[in-house]
>>> print(open('structure-v9.cif').read())   # mmCIF, C-alpha atoms
data_input
#
loop_
_atom_site.label_atom_id
_atom_site.label_comp_id
_atom_site.auth_asym_id
_atom_site.auth_seq_id
_atom_site.Cartn_x
_atom_site.Cartn_y
_atom_site.Cartn_z
CA MET A 1 5.29 -22.43 -3.06
CA VAL A 2 6.55 -19.23 -1.52
CA LEU A 3 4.84 -18.40 1.75
CA VAL A 4 5.24 -14.73 2.72
CA LEU A 5 4.58 -14.22 6.43
CA ALA A 6 3.88 -10.60 7.31
CA ASP A 7 1.89 -11.12 10.50
CA ASP A 8 3.42 -10.00 13.78
CA PRO A 9 4.30 -13.23 15.67
CA THR A 10 3.96 -11.45 19.02
CA VAL A 11 0.28 -10.66 18.42
CA ASP A 12 -2.11 -13.39 19.51
CA ASP A 13 0.92 -15.59 20.21
CA GLY A 14 1.47 -16.16 16.50
CA GLY A 15 -1.99 -17.73 16.20
CA LEU A 16 -2.32 -16.79 12.54
CA ARG A 17 0.90 -18.41 11.39
CA ARG A 18 0.16 -21.49 13.49
CA ALA A 19 -3.18 -21.82 11.74
CA VAL A 20 -1.43 -21.57 8.36
CA GLU A 21 1.23 -24.08 9.40
CA ALA A 22 -1.45 -26.47 10.61
CA ALA A 23 -3.29 -26.19 7.31
CA LEU A 24 -0.10 -26.71 5.31
CA ALA A 25 1.10 -29.65 7.42
CA SER A 26 -1.29 -32.09 5.78
CA ALA A 27 -0.59 -30.83 2.25
CA ASP A 28 2.24 -32.03 0.10
CA HIS A 29 3.62 -28.60 -0.81
CA ASP A 30 7.27 -27.68 -1.14
CA VAL A 31 7.18 -24.52 0.98
CA ASP A 32 9.77 -21.75 0.94
CA VAL A 33 9.02 -19.40 3.85
CA ILE A 34 9.84 -15.70 3.70
CA ASP A 35 9.26 -14.31 7.18
CA LEU A 36 9.34 -10.51 6.95
CA HIS A 37 9.54 -10.17 10.72
CA GLU A 38 12.75 -12.15 10.77
CA GLY A 39 16.06 -10.40 10.13
CA ASP A 40 15.99 -6.69 9.40
CA PHE A 41 13.87 -6.26 6.30
CA ASN A 42 13.34 -2.58 5.56
CA PRO A 43 9.91 -2.02 3.95
CA ALA A 44 10.72 1.44 2.59
CA MET A 45 12.12 1.49 -0.95
CA THR A 46 15.67 2.80 -0.57
CA THR A 47 17.32 5.55 -2.60
CA ALA A 48 19.86 3.09 -4.03
CA GLY A 49 17.11 0.59 -4.80
CA ARG A 50 15.04 3.18 -6.62
CA ARG A 51 18.02 4.48 -8.60
CA ALA A 52 18.78 0.91 -9.72
CA TYR A 53 15.08 0.22 -10.47
CA HIS A 54 15.34 0.50 -14.25
CA SER A 55 18.98 -0.59 -14.47
CA GLY A 56 18.40 -4.27 -15.20
CA GLN A 57 19.99 -5.23 -11.85
CA PRO A 58 17.45 -3.72 -9.45
CA LEU A 59 17.90 -5.95 -6.39
CA VAL A 60 20.97 -4.14 -5.10
CA GLU A 61 20.21 -4.26 -1.38
CA PRO A 62 21.24 -7.32 0.66
CA ASP A 63 17.88 -7.64 2.46
CA VAL A 64 15.96 -8.23 -0.80
CA ALA A 65 18.69 -9.77 -3.00
CA ASP A 66 17.58 -13.39 -2.56
CA PHE A 67 13.81 -12.64 -2.65
CA GLY A 68 13.88 -12.17 -6.43
CA PRO A 69 15.12 -15.66 -7.40
CA ARG A 70 12.91 -17.28 -4.75
CA VAL A 71 9.76 -15.58 -6.02
CA LEU A 72 10.71 -16.37 -9.64
CA ALA A 73 11.04 -20.07 -8.76
CA ALA A 74 7.56 -20.21 -7.21
CA GLU A 75 4.45 -21.75 -8.74
CA ALA A 76 2.24 -20.48 -5.93
CA LEU A 77 2.41 -17.35 -3.78
CA VAL A 78 0.67 -17.21 -0.41
CA PHE A 79 0.57 -13.99 1.64
CA VAL A 80 -0.31 -14.12 5.34
CA TYR A 81 -1.00 -10.88 7.19
CA ARG A 82 -3.09 -8.99 9.69
CA ALA A 83 -4.98 -6.37 7.77
CA THR A 84 -4.55 -2.72 8.66
CA TRP A 85 -6.37 0.43 7.67
CA THR A 86 -4.51 0.87 4.39
CA GLY A 87 -5.21 -2.79 3.61
CA MET A 88 -2.01 -4.71 4.12
CA PRO A 89 0.66 -3.88 6.70
CA PRO A 90 3.42 -1.54 5.40
CA LEU A 91 5.88 -4.41 5.91
CA LEU A 92 4.08 -6.47 3.25
CA LYS A 93 3.56 -3.49 0.93
CA GLY A 94 7.31 -2.91 1.22
CA PHE A 95 7.94 -6.51 0.16
CA VAL A 96 5.77 -5.99 -2.93
CA ASP A 97 7.36 -2.59 -3.72
CA ARG A 98 10.94 -3.76 -3.34
CA THR A 99 10.83 -7.36 -4.61
CA LEU A 100 8.48 -7.24 -7.60
CA VAL A 101 10.75 -4.89 -9.53
CA PRO A 102 11.44 -4.89 -13.29
CA GLY A 103 13.11 -8.17 -14.22
CA VAL A 104 11.35 -10.01 -11.38
CA GLY A 105 7.68 -9.08 -11.13
CA PHE A 106 7.36 -7.62 -14.60
CA HIS A 107 9.25 -6.42 -17.65
CA LEU A 108 8.93 -3.09 -19.35
CA VAL A 109 9.02 -3.41 -23.12
CA ASP A 110 8.83 0.03 -24.76
CA GLY A 111 7.27 1.29 -21.54
CA LYS A 112 4.55 -1.40 -21.62
CA LEU A 113 3.95 -3.84 -18.80
CA ARG A 114 4.78 -7.52 -19.49
CA ARG A 115 4.21 -10.37 -17.06
CA GLY A 116 7.18 -11.44 -14.95
CA LEU A 117 5.83 -14.22 -12.73
CA VAL A 118 4.46 -16.43 -15.50
CA ARG A 119 5.21 -19.59 -13.50
CA VAL A 120 2.82 -18.51 -10.75
CA ARG A 121 -0.53 -20.27 -11.27
CA ARG A 122 -1.86 -19.93 -7.72
CA LEU A 123 -2.23 -16.77 -5.66
CA ALA A 124 -3.67 -16.76 -2.16
CA ALA A 125 -4.02 -14.12 0.51
CA VAL A 126 -4.80 -15.06 4.11
CA ALA A 127 -5.94 -12.01 6.06
CA VAL A 128 -7.20 -11.37 9.57
CA HIS A 129 -9.24 -8.19 9.93
CA ASP A 130 -10.11 -6.61 13.25
CA ARG A 131 -12.90 -4.77 11.50
CA SER A 132 -16.17 -6.17 10.28
CA ARG A 133 -16.58 -7.24 6.68
CA SER A 134 -18.82 -4.27 5.87
CA GLU A 135 -16.25 -1.81 7.26
CA VAL A 136 -13.48 -3.46 5.27
CA LEU A 137 -15.58 -3.36 2.11
CA SER A 138 -16.45 0.30 2.70
CA VAL A 139 -12.76 1.22 2.54
CA ARG A 140 -12.35 -1.10 -0.48
CA ASP A 141 -9.93 -3.64 1.11
CA GLY A 142 -6.61 -2.41 -0.27
CA GLY A 143 -4.82 -5.64 0.66
CA ARG A 144 -7.09 -7.89 -1.33
CA ARG A 145 -7.15 -5.37 -4.19
CA ILE A 146 -3.36 -5.24 -4.55
CA LEU A 147 -2.48 -8.87 -3.83
CA LEU A 148 -5.20 -10.49 -5.89
CA ARG A 149 -6.18 -7.88 -8.48
CA THR A 150 -3.13 -5.73 -9.24
CA MET A 151 -0.94 -8.85 -9.18
CA ARG A 152 -3.20 -10.52 -11.71
CA LEU A 153 -1.44 -8.61 -14.48
CA ILE A 154 1.98 -10.14 -13.72
CA VAL A 155 1.22 -13.80 -12.97
CA HIS A 156 0.10 -16.57 -15.34
CA PRO A 157 -3.04 -15.47 -17.24
CA ARG A 158 -5.02 -18.44 -15.89
CA CYS A 159 -3.74 -18.10 -12.33
CA ARG A 160 -6.25 -19.22 -9.69
CA ARG A 161 -6.79 -16.68 -6.91
CA ARG A 162 -8.09 -17.33 -3.41
CA TYR A 163 -8.85 -15.01 -0.51
CA VAL A 164 -9.25 -16.47 2.98
CA ALA A 165 -10.27 -13.86 5.51
CA LEU A 166 -11.39 -13.68 9.09
CA TYR A 167 -13.36 -10.54 9.99
CA ASP A 168 -14.47 -8.85 13.19
CA THR A 169 -12.09 -10.74 15.49
CA ARG A 170 -13.35 -9.01 18.63
CA SER A 171 -17.05 -9.71 18.27
CA GLU A 172 -19.00 -12.26 20.31
CA ARG A 173 -19.48 -14.44 17.26
CA ALA A 174 -15.71 -14.67 16.67
CA ALA A 175 -15.38 -18.28 17.87
CA ALA A 176 -17.70 -19.68 15.19
CA ALA A 177 -16.09 -17.43 12.55
CA ARG A 178 -12.67 -18.71 13.58
CA ARG A 179 -13.77 -22.30 13.08
CA ARG A 180 -15.09 -21.49 9.60
CA PHE A 181 -11.85 -19.59 8.83
CA ALA A 182 -9.69 -22.54 9.91
CA ALA A 183 -11.78 -24.94 7.82
CA LYS A 184 -11.55 -22.73 4.74
CA LEU A 185 -7.84 -22.17 5.30
CA ASP A 186 -7.34 -25.92 5.36
CA ARG A 187 -9.44 -26.47 2.25
CA VAL A 188 -7.79 -23.68 0.24
CA LEU A 189 -4.17 -24.32 1.18
CA VAL A 190 -4.37 -28.09 0.75
CA GLY A 191 -6.14 -27.74 -2.59
CA LEU A 192 -3.98 -24.92 -3.89
CA MET B 1 -4.16 27.48 9.75
CA SER B 2 -1.75 26.05 7.27
CA THR B 3 -1.26 23.33 4.70
CA LEU B 4 0.70 20.20 5.52
CA VAL B 5 2.60 18.80 2.55
CA VAL B 6 3.68 15.18 3.02
CA PHE B 7 6.33 14.25 0.47
CA CYS B 8 7.39 10.65 0.00
CA HIS B 9 10.00 9.73 -2.60
CA PRO B 10 13.38 8.07 -2.02
CA VAL B 11 15.24 9.93 -4.77
CA PRO B 12 15.90 13.64 -4.13
CA ASP B 13 16.40 14.51 -7.82
CA SER B 14 13.35 12.59 -9.09
CA PHE B 15 10.34 13.97 -10.95
CA GLY B 16 8.45 13.41 -7.69
CA ALA B 17 10.75 15.92 -6.01
CA ALA B 18 10.06 18.39 -8.83
CA VAL B 19 6.32 17.88 -8.22
CA ALA B 20 6.80 18.59 -4.50
CA ALA B 21 8.76 21.75 -5.35
CA GLN B 22 5.90 22.80 -7.65
CA VAL B 23 3.39 22.19 -4.84
CA VAL B 24 5.41 24.37 -2.45
CA GLU B 25 5.79 27.09 -5.09
CA THR B 26 2.04 27.03 -5.78
CA LEU B 27 1.22 27.36 -2.09
CA ASP B 28 3.70 30.25 -1.82
CA ALA B 29 2.10 31.97 -4.81
CA ALA B 30 -1.35 31.56 -3.25
CA GLY B 31 -0.04 33.07 -0.02
CA ALA B 32 -0.92 29.88 1.86
CA GLU B 33 1.10 29.09 4.93
CA HIS B 34 2.58 25.61 4.62
CA ARG B 35 4.82 23.03 6.17
CA LEU B 36 6.69 20.39 4.20
CA VAL B 37 7.34 16.99 5.72
CA ASP B 38 9.82 14.92 3.70
CA LEU B 39 9.44 11.39 5.05
CA TYR B 40 12.63 10.05 3.44
CA ALA B 41 14.81 13.04 4.36
CA ASP B 42 13.50 12.87 7.94
CA GLY B 43 14.31 9.16 8.14
CA PHE B 44 10.71 8.33 9.08
CA SER B 45 10.27 4.64 9.88
CA PRO B 46 7.19 3.08 8.25
CA VAL B 47 6.94 0.41 10.95
CA ASP B 48 8.17 2.06 14.14
CA ALA B 49 8.51 5.82 13.97
CA GLY B 50 8.66 6.35 17.74
CA ALA B 51 6.19 8.11 20.01
CA SER B 52 7.73 11.58 19.85
CA THR B 53 7.89 11.62 16.03
CA ILE B 54 4.29 10.45 15.79
CA LYS B 55 3.24 13.17 18.25
CA THR B 56 4.97 15.87 16.17
CA HIS B 57 3.27 14.66 12.99
CA ARG B 58 -0.12 14.49 14.71
CA GLU B 59 0.20 18.05 15.99
CA ALA B 60 1.09 19.26 12.49
CA LEU B 61 -1.89 17.39 11.01
CA ALA B 62 -4.37 18.52 13.66
CA GLY B 63 -3.44 22.16 13.01
CA ALA B 64 -3.62 21.88 9.22
CA SER B 65 -6.43 23.21 7.06
CA GLY B 66 -5.04 21.50 3.98
CA LEU B 67 -3.27 18.19 3.39
CA VAL B 68 -1.27 17.61 0.22
CA LEU B 69 0.25 14.17 -0.37
CA VAL B 70 3.02 13.92 -2.96
CA TYR B 71 4.04 10.33 -3.68
CA PRO B 72 4.66 7.76 -6.42
CA THR B 73 1.95 5.12 -6.85
CA TRP B 74 3.54 1.68 -6.64
CA TRP B 75 1.55 -1.49 -7.25
CA SER B 76 -1.58 0.65 -7.53
CA GLY B 77 -1.27 1.82 -3.92
CA LEU B 78 0.65 4.04 -1.55
CA PRO B 79 4.35 3.27 -1.10
CA ALA B 80 5.08 1.37 2.13
CA MET B 81 6.58 4.55 3.60
CA LEU B 82 3.41 6.64 3.17
CA ALA B 83 1.19 3.71 4.17
CA GLY B 84 3.26 3.51 7.37
CA TRP B 85 2.66 7.24 7.94
CA PHE B 86 -1.12 6.75 7.67
CA GLU B 87 -1.07 3.66 9.88
CA GLN B 88 0.95 5.24 12.65
CA VAL B 89 0.10 8.94 12.53
CA VAL B 90 -3.52 8.99 11.38
CA VAL B 91 -5.04 5.82 12.85
CA GLY B 92 -2.42 4.65 15.33
CA ASP B 93 -4.05 2.64 18.08
CA SER B 94 -7.60 3.72 17.24
CA LEU B 95 -8.54 0.27 16.00
CA PRO B 96 -12.05 -1.02 16.63
CA ARG B 97 -13.14 -1.82 20.13
CA PRO B 98 -16.29 -3.67 21.11
CA GLY B 99 -19.10 -1.31 21.94
CA ARG B 100 -17.68 1.57 19.93
CA PRO B 101 -19.32 1.62 16.55
CA ASP B 102 -17.34 4.56 15.20
CA THR B 103 -13.94 2.99 14.95
CA SER B 104 -12.20 6.04 13.58
CA ALA B 105 -13.02 8.74 16.14
CA ALA B 106 -9.36 9.55 16.79
CA ALA B 107 -8.63 9.89 13.08
CA ARG B 108 -11.66 12.16 12.66
CA ASP B 109 -10.34 14.44 15.40
CA LEU B 110 -6.99 14.70 13.65
CA LEU B 111 -8.55 15.56 10.31
CA ALA B 112 -11.23 17.84 11.76
CA ASN B 113 -9.77 21.11 10.45
CA LEU B 114 -9.17 20.05 6.86
CA ARG B 115 -10.69 22.26 4.20
CA TYR B 116 -9.13 20.30 1.36
CA MET B 117 -6.90 17.35 0.73
CA ALA B 118 -5.00 16.67 -2.45
CA ALA B 119 -3.16 13.61 -3.70
CA VAL B 120 -0.48 14.45 -6.24
CA THR B 121 0.88 11.20 -7.54
CA THR B 122 2.82 9.65 -10.41
CA HIS B 123 1.98 6.30 -12.00
CA GLY B 124 4.48 4.36 -14.11
CA SER B 125 1.80 2.73 -16.23
CA SER B 126 -1.13 4.09 -18.17
CA LYS B 127 -4.52 5.09 -16.81
CA PHE B 128 -6.04 2.00 -18.43
CA VAL B 129 -3.57 -0.38 -16.78
CA ASN B 130 -4.17 1.33 -13.44
CA ALA B 131 -7.93 1.00 -13.86
CA VAL B 132 -7.50 -2.74 -14.46
CA GLN B 133 -5.17 -2.96 -11.47
CA GLY B 134 -7.81 -1.45 -9.24
CA GLU B 135 -6.36 1.93 -8.16
CA ALA B 136 -5.99 0.81 -4.53
CA GLY B 137 -4.40 4.13 -3.52
CA LEU B 138 -7.22 6.25 -4.97
CA HIS B 139 -9.83 4.01 -3.34
CA PHE B 140 -8.09 4.17 0.02
CA LEU B 141 -7.90 7.97 -0.03
CA ARG B 142 -11.40 8.49 -1.44
CA HIS B 143 -13.27 5.87 0.60
CA GLY B 144 -10.96 5.40 3.59
CA VAL B 145 -9.57 8.85 4.41
CA HIS B 146 -11.85 11.43 2.78
CA PRO B 147 -15.02 10.27 4.62
CA LEU B 148 -13.22 10.94 7.92
CA CYS B 149 -12.61 14.57 6.96
CA PRO B 150 -15.26 17.23 7.58
CA ALA B 151 -18.19 17.11 5.14
CA THR B 152 -17.04 20.36 3.51
CA CYS B 153 -13.52 19.07 2.82
CA LYS B 154 -12.70 18.86 -0.90
CA MET B 155 -10.57 16.15 -2.34
CA GLN B 156 -8.38 16.57 -5.39
CA TRP B 157 -6.82 13.68 -7.30
CA LEU B 158 -3.94 14.95 -9.42
CA ALA B 159 -2.43 11.95 -11.13
CA PHE B 160 0.33 11.73 -13.71
CA TYR B 161 -0.21 8.48 -15.60
CA ASP B 162 2.18 6.66 -17.92
CA SER B 163 5.28 8.33 -16.48
CA ASP B 164 7.49 5.50 -17.82
CA ARG B 165 6.78 6.71 -21.36
CA SER B 166 6.43 10.44 -20.64
CA SER B 167 8.31 13.22 -22.37
CA MET B 168 9.63 16.41 -20.81
CA ALA B 169 6.68 18.26 -22.36
CA ASP B 170 4.20 15.87 -20.65
CA ARG B 171 5.92 16.50 -17.33
CA ARG B 172 5.85 20.27 -17.75
CA LEU B 173 2.15 20.08 -18.58
CA PHE B 174 1.53 18.09 -15.41
CA LEU B 175 3.42 20.63 -13.27
CA ALA B 176 1.28 23.37 -14.82
CA ARG B 177 -1.86 21.35 -14.02
CA VAL B 178 -0.73 20.95 -10.41
CA ALA B 179 -0.18 24.72 -10.17
CA ARG B 180 -3.60 25.48 -11.66
CA ARG B 181 -5.68 22.93 -9.75
CA LEU B 182 -3.95 23.25 -6.39
CA GLY B 183 -3.88 27.04 -6.73
CA SER B 184 -7.68 26.99 -6.99
CA VAL B 185 -8.17 25.42 -3.55
CA ALA B 186 -5.12 26.58 -1.57
#
>>> encode(input="structure-v9.cif", output="structure tokens")
Amino acid sequence: MVLVLADDPTVDDGGLRRAVEAALASADHDVDVIDLHEGDFNPAMTTAGRRAYHSGQPLVEPDVADFGPRVLAAEALVFVYRATWTGMPPLLKGFVDRTLVPGVGFHLVDGKLRRGLVRVRRLAAVAVHDRSRSEVLSVRDGGRRILLRTMRLIVHPRCRRRYVALYDTRSERAAAARRRFAAKLDRVLVGL
Amino acid sequence: MSTLVVFCHPVPDSFGAAVAAQVVETLDAAGAEHRLVDLYADGFSPVDAGASTIKTHREALAGASGLVLVYPTWWSGLPAMLAGWFEQVVVGDSLPRPGRPDTSAAARDLLANLRYMAAVTTHGSSKFVNAVQGEAGLHFLRHGVHPLCPATCKMQWLAFYDSDRSSMADRRLFLARVARRLGSVA
């Protein structure tokens, strides 16, 4: 399992990643953690990276070079992030843009898309939204859309997809919602 | 009042750059005042652009009557760079607060003068594949950004699909379409 952490560990004292760690502790997963806040990962596709995109050796930059083989070895991908207006934080979108390149995420055969991550049979996104569920739905939740729907075309055709989300973190009812979120997180990650 | 063109592509000699040049040429031909912001050339940081840069971009946006976004669609959405521009410049710290139902008041103020906004974007895969993938970028602009603009603001979606298999003739046709459609609102 590759666990991609894109939440800011300084917000809420890293509460989100602690919740994920707690849920994973009881499960028997072999977890490879990619922490995008660690090191100096640059989310913007670089000029050199884009020029090499269709070259067959697209992972030319040192900060993404080892992400390709790690993602290709995974049978499950779990994304953890705090949702933003555009859906997922730019840091995570940058990971998707720069890592899931031709030869890793997909293959182009005569210009047609072919699946790259055929080993991946489990996809999960764990998201914390400050906004309410209706507000998130009204802007069409770009994070969920990209991670669970767009990605569907590149993973195993029968890949199971799970979305675990906490909404409206600043409302008065947040405590009960947090308990339900933690319970679902536990259930989904253990059973993944 | 002028048009703000936000260009986002890492490669200066790409088709995306040709599209941006066409946008600028079209605005010139229509006699529309414009300002081009090239996020890559300016070294804009999608995660931490700095207060003074954000202020400059906000002033440009608040004074604009048109907003044209030129970018490649990656993974059905905006590239991280342009997403970072929206997160920092347009919404910034105007996230929801208890007791304030309209969570986007600051963004509305910034977009208050827009008469039109246009997204000019290239997609590697076909329109069908993008429809299956969910068109996250189109949904974000149409349902996330456009509702914050004034009610009279028009939105144009100028998309070049299937660019991975396109010929020079297809590309020229698209540039002509950009000139025609954008020229009609600029």
>>> interface_residues(input="structure-v9.cif", of="chain A", to="chain B", cutoff="6 Å", atoms="all atoms listed in the file", output="PyMOL selection string")
chain A and resi 44+46-47+90+93-94+111+139+142+149-150
>>> residues_near_point(input="structure-v9.cif", point="(-2.0, -12.7, 16.8)", cutoff="12 Å", atoms="all atoms listed in the file", output="list in words")
Ala6, Asp7, Asp8, Pro9, Thr10, Val11, Asp12, Asp13, Gly14, Gly15, Leu16, Arg17, Arg18, Ala19, Val80, Tyr81, Arg82, Ala83, Ala127, Val128, His129, Asp130 and Thr169 of chain A
>>> atom_distance(input="structure-v9.cif", atom1="atom CA of B:Thr121", atom2="atom CA of B:Asp48")
24.6 Å
>>> atom_distance(input="structure-v9.cif", atom1="atom CA of A:Ala124", atom2="atom CA of A:Val20")
11.8 Å
>>> resolve_selection(input="structure-v9.cif", expression="the PyMOL selection byres ((chain A and resi 61-74) around 6)", output="number ranges by chain")
A: 1-2, 41, 59-60, 75-76, 99, 104
>>> residues_around(input="structure-v9.cif", residues="B:Gln22", least_positions_apart="4", cutoff="10 Å", atoms="only C-alpha atoms", output="ChimeraX atom specification")
/B:16-18,26-28,175-176,178-179,182
>>> atom_distance(input="structure-v9.cif", atom1="atom CA of B:Leu36", atom2="atom CA of B:Val5")
4.7 Å
>>> resolve_selection(input="structure-v9.cif", expression="the PyMOL selection byres ((chain A and resi 188) around 9)", output="number ranges by chain")
A: 23, 124, 162-164, 183-187, 189-192
>>> closest_residue(input="structure-v9.cif", among="A:Ala25, A:Leu91, A:Val4, A:Val31", to="A:Met45", atoms="only C-alpha atoms")
A:Leu91
>>> residues_around(input="structure-v9.cif", residues="B:Pro150", least_positions_apart="6", cutoff="12 Å", atoms="only C-alpha atoms", output="ChimeraX atom specification")
/B:65-66,107-117
>>> residues_around(input="structure-v9.cif", residues="B:Val89", least_positions_apart="4", cutoff="8 Å", atoms="only C-alpha atoms", output="CSV table (one decimal) with C-alpha atoms, in the frame of the given file")
chain,number,residue,atom,x,y,z
B,54,ILE,CA,4.3,10.4,15.8
B,55,LYS,CA,3.2,13.2,18.2
B,57,HIS,CA,3.3,14.7,13.0
B,58,ARG,CA,-0.1,14.5,14.7
B,85,TRP,CA,2.7,7.2,7.9
>>> resolve_selection(input="structure-v9.cif", expression="the PyMOL selection byres ((chain B and resi 34) around 10)", output="list in words")
Met1, Ser2, Thr3, Leu4, Val5, Val24, Leu27, Asp28, Gly31, Ala32, Glu33, Arg35, Leu36, Val37, Ala64, Ser65, Gly66, Leu67, Val68 and Ala186 of chain B
>>> write_last_selection(input="structure-v9.cif", atoms="C-alpha atoms", output="mmCIF file, keeping the file's coordinate frame")
data_model
loop_
_atom_site.group_PDB
_atom_site.id
_atom_site.type_symbol
_atom_site.label_atom_id
_atom_site.label_comp_id
_atom_site.auth_asym_id
_atom_site.auth_seq_id
_atom_site.Cartn_x
_atom_site.Cartn_y
_atom_site.Cartn_z
ATOM 1 C CA MET B 1 -4.160 27.480 9.750
ATOM 2 C CA SER B 2 -1.750 26.050 7.270
ATOM 3 C CA THR B 3 -1.260 23.330 4.700
ATOM 4 C CA LEU B 4 0.700 20.200 5.520
ATOM 5 C CA VAL B 5 2.600 18.800 2.550
ATOM 6 C CA VAL B 24 5.410 24.370 -2.450
ATOM 7 C CA LEU B 27 1.220 27.360 -2.090
ATOM 8 C CA ASP B 28 3.700 30.250 -1.820
ATOM 9 C CA GLY B 31 -0.040 33.070 -0.020
ATOM 10 C CA ALA B 32 -0.920 29.880 1.860
ATOM 11 C CA GLU B 33 1.100 29.090 4.930
ATOM 12 C CA ARG B 35 4.820 23.030 6.170
ATOM 13 C CA LEU B 36 6.690 20.390 4.200
ATOM 14 C CA VAL B 37 7.340 16.990 5.720
ATOM 15 C CA ALA B 64 -3.620 21.880 9.220
ATOM 16 C CA SER B 65 -6.430 23.210 7.060
ATOM 17 C CA GLY B 66 -5.040 21.500 3.980
ATOM 18 C CA LEU B 67 -3.270 18.190 3.390
ATOM 19 C CA VAL B 68 -1.270 17.610 0.220
ATOM 20 C CA ALA B 186 -5.120 26.580 -1.570
#
>>> residues_around(input="structure-v9.cif", residues="B:Phe174", least_positions_apart="4", cutoff="9 Å", atoms="all atoms listed in the file", output="PyMOL selection string")
chain B and resi 19+158-160+169-170+178-179
>>> closest_residue(input="structure-v9.cif", among="B:Lys127, B:Val120, B:Gly50, B:Gln156", to="B:Phe15", atoms="only C-alpha atoms")
B:Val120
